[in-house]
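> My questions will all concern the structure given below.
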Amino acid sequence: MEIVESILNLPVQDPPGEDFSASDLSWTKVGNVERYDDVALILYDRVDAFIIGECCNVEFPTRFHIERGRKRSRGSLKDYKHDDYLEYRLYWCSFGPENYGEGGDILPSRRYRLNTRNRAARPQSMRGCTCHFIVKRLYNRPSLALIIYNNRRHVNKSGSLCHGPLDRDAIGPGAKKIPYVCNEIQQQTMSMIYLGIPEKNVLEKHIEGIQRYCGSDAKVNSLAAQYVHKLGMIIKRSTHELDLDDQASIRLWVERNKKSIFFYQDTSEHDPFILGIQTDWQLQQMIRFGHRSLIAVDSTFGIKKLKYPLCTLLVFDSRQHALPVAWVVTRTIAKPDVSKWMKALHDRVRAVDPTWKVNGVLIDDAAAEIDPIREIFSCPVLFSLWRIRRSWLRNIIKKCSNVEVQREIFKRLGETVYSIWDGSDPFVALEELSQDFVDQTAFLQYFKATWVPKFG
């Protein structure tokens with residue numbers, strides 16, 4: 001095939017169908033005799049369709065994650081080439097680039113059964129797959145995307161197949177009958193088990209994931225059930241008390257799990273304890289489902305059971321199911337401390353995808369600091385209406401003794417909230433409420449101190 005030096009004369013391709021893959025495109029070699037890449041030019045709006053098509057490869061089913069990303073603003077370059085980018089993203093097969101096999105070169109396969117009670121299975125993810133491609137949104141033609149496929153083969157550095165049905169030595173005897181559990185599915189399953197979700201629900205979600213790789217039958221479902229049960233038992237039996245001293249135990253745990261820690265601040269005379277946890281899978285879900293969407297902050301999970309409150313950040317997938325994408329363990333709600341972990345989380349996401357932006361943050365706690373959210377995420381702050389009404393009702397009952405007065409105040413507060421959506425000024429209704437119930441000083445003091453500032 002002829003090698004060209006420029007992309008200037010490449011045709012713009014738009015394959016039919018909802019999704020398409022590399023096999024549906026005509027590739028051109030661009031570069032020189034010593035070094036060249038396979039490239040194709042498509043519409044930028046169809047990049048997602050291409051990625052979905054590549055993930056659905058029958059021989060090598062996988063997911064592609066964003067390994068690296070960069071962005072330029074319009075007008076930042078005075079002189080530019082035809083292939084300069086406005087946005088740059090490196091997509092890598094989720095079975096790589098790291099290799100967690102012995103020696104880091106080729107993952108071992110077992111052709112015999114180990115005579116041990118708890119035999120360790122071969123790692124089911126991160127097999128050193130080298131398949132990756134680059135998507136450039138062109139600087140001088142923003143409506144087009146240049147796809148540069150650096151390596152289209154799903155092989156490791158030694159050139160051997162490293163995942164998929166064709167990898168006969170992937171697990172050992174009967175490899176074709178054993179479901180593949182990629183890093184994404186494994187992290188998702190572990191996260192659900194840690195959250196205390198019932199095993200039946202975890203198994204259902206786990207089976208949905210592995211069916212993308214090997215279809216559905218009784219054998220697959222049986223092995224999946226064994227996998228989830230065994231993983232749950234391992235997590236349940238594993239001890240997290242690494243030292244008799246709690247602080248020392250936490251330091252050891254953080255040291256061993258650096259990859260899943262986005263922020264850590266040890267307790268001192270001046271600084272409170274803060275621990276921010278986010279796995280790689282959670283980071284990818286936050287990038288995928290949090291971009292141009294809502295993030296919910298649930299700050300009530302475990303408060304009555306745990307010594308330290310647990311704050312959970314959630315995004316919503318395509319079926320509007322909530323996915324936990326980060327956990328923060330801390331007692332402090334002070335603005336400087338909230339700003340620290342929130343900025344660390346935001347910077348971690350933007351380091352992978354500089355274009356990432358959230359449309360709004362939904363919170364459930366009136367006492368939460370909302371200024372850091374507005375400053376760091378640059379988005380509106382929304383309140384959970386169910387949480388608001390629940391909090392109001394609890395305090396009305398606590399601070400007002402007359403049942404009729406309780407009922408009337410709760411009704412008037414509901415009318416005030418719904419009047420906001422009609423474009424009415426809420427402060428007028430709140431002023432009338434204060435005048436009509438001037439004798440209910442305990443509740444009015446609570447409401448003015450806690451909620452009135454939030455209406456601004």
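Residue numbering restarts at 1 for every chain of the structure tokens, chains are lettered A, B, ... in their displayed order, and ligands are numbered from 1 as they appear.
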Residues at most 12 Å from Ala351 of chain A, counting only C-alpha atoms, excluding those fewer than 6 positions away in the same chain, as a list in words?
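So, after excluding close chain neighbours, the residues are Ile66, Glu67, Arg68, Gly69, Arg70, Lys71, Arg89, Leu283, Ile287, Lys343, Ala344 and Leu345 of chain A.
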> So that I can check the secondary structure, give me every residue of segment 322-434 of chain A assigned helix (DSSP H, G or I) by backbone DSSP, as a PyMOL selection string.
chain A and resi 335-352+371-377+385-399+403-421+426-434
> Pick the closest to Phe263 of chain A from A:Ser158, A:Ser318, A:Thr330, A:Gln247: which is it, counting only C-alpha atoms?
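Nearest candidate to Phe263 of chain A out of A:Ser158, A:Ser318, A:Thr330, A:Gln247: A:Thr330.
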> Could you name the residues that touch Ser23 of chain A at 10 Å or less, counting only C-alpha atoms, but leaving out those on the same chain fewer than 5 positions away, as a list of chain:residue names?
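Residues near the query, excluding close chain neighbours: A:Gly53, A:Glu54, A:Asn57.
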> Select, from A:Tyr194, A:Phe273, A:Tyr88, A:Trp356, the residue with the minimum atom-to-atom distance to Leu138 of chain A, counting only C-alpha atoms.
A:Tyr88
> State, in Å with one decimal place, the distance from atom CA of Arg141 of chain A to atom CA of Lys29 of chain A.
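Taking atom CA of Arg141 of chain A as the start and atom CA of Lys29 of chain A as the end point, the length is 20.5 Å.
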